[in-house]
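Trainee: First the structure, which I've put down as structure tokens, then a few questions once you've had a look.
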Amino acid sequence: MAIAIERLYNASWDKTYLRAGTSTVSEKHFHRDNGYDVVDIQRIEALRVGEQVELDDGHHLVKRTQ
């Protein structure tokens, strides 16, 4: 029986965001209620460990860490 390991990401928001900074979040963070559209979610889900994606014209970076 395989154990599912939650994907983890470092998400960084620059000073154009109300809550600028970096947080470690799981894949559960990325949904419409948090402002992510379908394309954003698909791009994030496609990341491999060590890869990152730029969102919102580079103001928001998401890097997969696990």
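Ligands are numbered from 1 in the order shown, chains are lettered A, B, ... in the order of the structure tokens, and residues start at 1 in each chain.
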Could you give me, as a ChimeraX atom specification, the residues within 10 Å of Val53 (chain A), counting only C-alpha atoms and dropping anything in the same chain fewer than 2 positions from it?

Mentor: /A:11,40,43-44,46-47,51,55,58,60-64

Trainee: Which residues come within 8 Å of Thr22 (chain A), counting only C-alpha atoms, excluding same-chain residues fewer than 6 positions away, as a compact mmCIF listing (two decimals) with C-alpha atoms, in the first residue's frame?

Mentor:
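In the end it all went to around-v1.txt:
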```txt
# COMPACT_ATOMS: atom_id res chain seq x y z
CA ASN A 10 7.39 27.80 -1.13
CA ALA A 11 5.04 30.54 -2.22
CA SER A 12 6.40 34.10 -2.39
CA TRP A 13 4.41 37.27 -2.83
```

Trainee: Run DSSP on the backbone of this structure and report the residues of chain A it assigns to helix (DSSP H, G or I), as a PyMOL selection string.

Mentor: chain A and resi 27-29+32-34+38-45+56-58

Trainee: Would you write out those residues with all heavy atoms, as a compact mmCIF listing (two decimals), in the first residue's frame?

Mentor:
```txt
# COMPACT_ATOMS: atom_id res chain seq x y z
N GLU A 27 -0.52 21.67 -1.46
CA GLU A 27 -1.33 21.82 -2.67
C GLU A 27 -2.76 22.25 -2.35
O GLU A 27 -3.46 22.80 -3.20
CB GLU A 27 -1.33 20.54 -3.52
CG GLU A 27 -2.10 19.39 -2.93
CD GLU A 27 -1.25 18.32 -2.26
OE1 GLU A 27 -0.15 18.61 -1.80
OE2 GLU A 27 -1.71 17.18 -2.22
N LYS A 28 -3.19 22.04 -1.12
CA LYS A 28 -4.55 22.44 -0.71
C LYS A 28 -4.74 23.96 -0.72
O LYS A 28 -5.86 24.44 -0.76
CB LYS A 28 -4.86 21.89 0.68
CG LYS A 28 -4.92 20.38 0.72
CD LYS A 28 -5.10 19.88 2.13
CE LYS A 28 -5.02 18.36 2.16
NZ LYS A 28 -5.04 17.85 3.53
N HIS A 29 -3.66 24.70 -0.71
CA HIS A 29 -3.72 26.17 -0.73
C HIS A 29 -4.19 26.72 -2.07
O HIS A 29 -4.80 27.79 -2.12
CB HIS A 29 -2.34 26.74 -0.38
CG HIS A 29 -2.26 28.22 -0.53
ND1 HIS A 29 -2.72 29.09 0.44
CD2 HIS A 29 -1.79 29.00 -1.55
CE1 HIS A 29 -2.53 30.33 0.02
NE2 HIS A 29 -1.96 30.31 -1.17
N ARG A 32 -9.64 28.24 -6.08
CA ARG A 32 -10.30 29.48 -6.52
C ARG A 32 -10.57 30.45 -5.38
O ARG A 32 -10.47 31.66 -5.55
CB ARG A 32 -11.60 29.15 -7.24
CG ARG A 32 -11.36 28.55 -8.60
CD ARG A 32 -12.65 28.31 -9.32
NE ARG A 32 -12.34 27.62 -10.57
CZ ARG A 32 -13.13 27.62 -11.61
NH1 ARG A 32 -14.29 28.25 -11.56
NH2 ARG A 32 -12.78 26.99 -12.70
N ASP A 33 -10.90 29.93 -4.20
CA ASP A 33 -11.18 30.82 -3.06
C ASP A 33 -9.96 31.64 -2.66
O ASP A 33 -10.09 32.68 -2.02
CB ASP A 33 -11.68 30.02 -1.86
CG ASP A 33 -13.08 29.45 -2.07
OD1 ASP A 33 -13.78 29.90 -3.00
OD2 ASP A 33 -13.46 28.54 -1.31
N ASN A 34 -8.77 31.18 -3.02
CA ASN A 34 -7.54 31.92 -2.75
C ASN A 34 -7.05 32.70 -3.97
O ASN A 34 -5.92 33.18 -3.99
CB ASN A 34 -6.44 30.98 -2.26
CG ASN A 34 -6.59 30.64 -0.79
OD1 ASN A 34 -7.27 31.33 -0.05
ND2 ASN A 34 -5.96 29.56 -0.37
N VAL A 38 -8.03 28.24 -13.03
CA VAL A 38 -7.77 26.87 -13.48
C VAL A 38 -6.38 26.74 -14.10
O VAL A 38 -5.65 25.77 -13.83
CB VAL A 38 -8.86 26.42 -14.48
CG1 VAL A 38 -8.52 25.08 -15.09
CG2 VAL A 38 -10.21 26.37 -13.79
N VAL A 39 -5.97 27.71 -14.89
CA VAL A 39 -4.65 27.65 -15.54
C VAL A 39 -3.54 27.73 -14.50
O VAL A 39 -2.56 26.97 -14.57
CB VAL A 39 -4.51 28.77 -16.60
CG1 VAL A 39 -3.10 28.81 -17.17
CG2 VAL A 39 -5.53 28.56 -17.71
N ASP A 40 -3.66 28.63 -13.52
CA ASP A 40 -2.66 28.71 -12.45
C ASP A 40 -2.53 27.36 -11.74
O ASP A 40 -1.42 26.87 -11.51
CB ASP A 40 -3.06 29.75 -11.40
CG ASP A 40 -2.97 31.18 -11.89
OD1 ASP A 40 -2.30 31.44 -12.92
OD2 ASP A 40 -3.58 32.06 -11.24
N ILE A 41 -3.64 26.77 -11.38
CA ILE A 41 -3.65 25.50 -10.66
C ILE A 41 -3.00 24.40 -11.50
O ILE A 41 -2.20 23.62 -10.99
CB ILE A 41 -5.08 25.13 -10.23
CG1 ILE A 41 -5.58 26.16 -9.20
CG2 ILE A 41 -5.13 23.71 -9.66
CD1 ILE A 41 -7.07 26.08 -8.92
N GLN A 42 -3.31 24.36 -12.78
CA GLN A 42 -2.70 23.35 -13.66
C GLN A 42 -1.19 23.54 -13.74
O GLN A 42 -0.44 22.56 -13.72
CB GLN A 42 -3.32 23.42 -15.05
CG GLN A 42 -4.73 22.91 -15.11
CD GLN A 42 -5.39 23.16 -16.46
OE1 GLN A 42 -4.96 24.01 -17.24
NE2 GLN A 42 -6.45 22.42 -16.72
N ARG A 43 -0.75 24.77 -13.85
CA ARG A 43 0.69 25.04 -13.92
C ARG A 43 1.39 24.63 -12.63
O ARG A 43 2.49 24.06 -12.66
CB ARG A 43 0.93 26.53 -14.21
CG ARG A 43 0.49 26.93 -15.61
CD ARG A 43 0.66 28.40 -15.85
NE ARG A 43 2.08 28.75 -15.91
CZ ARG A 43 2.54 29.99 -15.78
NH1 ARG A 43 1.70 31.00 -15.58
NH2 ARG A 43 3.83 30.24 -15.85
N ILE A 44 0.77 24.89 -11.50
CA ILE A 44 1.35 24.52 -10.21
C ILE A 44 1.37 23.00 -10.05
O ILE A 44 2.37 22.43 -9.62
CB ILE A 44 0.57 25.19 -9.05
CG1 ILE A 44 0.79 26.71 -9.12
CG2 ILE A 44 0.99 24.62 -7.70
CD1 ILE A 44 -0.17 27.52 -8.29
N GLU A 45 0.29 22.34 -10.42
CA GLU A 45 0.22 20.88 -10.30
C GLU A 45 1.25 20.18 -11.18
O GLU A 45 1.68 19.07 -10.88
CB GLU A 45 -1.18 20.38 -10.65
CG GLU A 45 -2.22 20.69 -9.59
CD GLU A 45 -3.62 20.27 -9.99
OE1 GLU A 45 -3.86 19.96 -11.18
OE2 GLU A 45 -4.49 20.27 -9.11
N ASP A 56 1.04 36.05 -11.87
CA ASP A 56 0.72 37.47 -11.71
C ASP A 56 1.88 38.36 -12.18
O ASP A 56 2.37 39.21 -11.45
CB ASP A 56 0.35 37.76 -10.26
CG ASP A 56 -0.33 39.10 -10.07
OD1 ASP A 56 -0.84 39.66 -11.07
OD2 ASP A 56 -0.34 39.60 -8.94
N ASP A 57 2.31 38.12 -13.42
CA ASP A 57 3.38 38.91 -14.04
C ASP A 57 4.66 38.91 -13.21
O ASP A 57 5.37 39.92 -13.16
CB ASP A 57 2.92 40.34 -14.31
CG ASP A 57 1.81 40.42 -15.35
OD1 ASP A 57 1.84 39.60 -16.30
OD2 ASP A 57 0.93 41.28 -15.21
N GLY A 58 4.94 37.80 -12.53
CA GLY A 58 6.17 37.67 -11.75
C GLY A 58 6.08 38.17 -10.33
O GLY A 58 7.06 38.09 -9.58
```

Trainee: Quick one: pick out all strand (DSSP E or B) residues within chain A from a backbone DSSP run and write them as a list in words.

Mentor: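 Of chain A, the ones in strand (DSSP E or B) are Leu8, Tyr9, Asn10, Ala11, Ser12, Trp13, Gly21, Thr22, Ser23, Thr24, Val25, Ser26, Gln52, Val53, Glu54, Leu55, His60, Leu61, Val62, Lys63 and Arg64 of chain A.
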
Trainee: Would you mind reading off the distance between CA of Arg48 (chain A) and CA of Ala20 (chain A), one decimal, in Å?

Mentor: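 Going from CA of Arg48 (chain A) over to CA of Ala20 (chain A), I get 24.5 Å.
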
Trainee: Identify which of the residues A:Gln52, A:Tyr9, A:Tyr17, A:Ile3 lies closest to Thr65 (chain A), counting only C-alpha atoms when measuring atom-to-atom distances.

Mentor: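 Selected residue with least distance to Thr65 (chain A): A:Tyr9.
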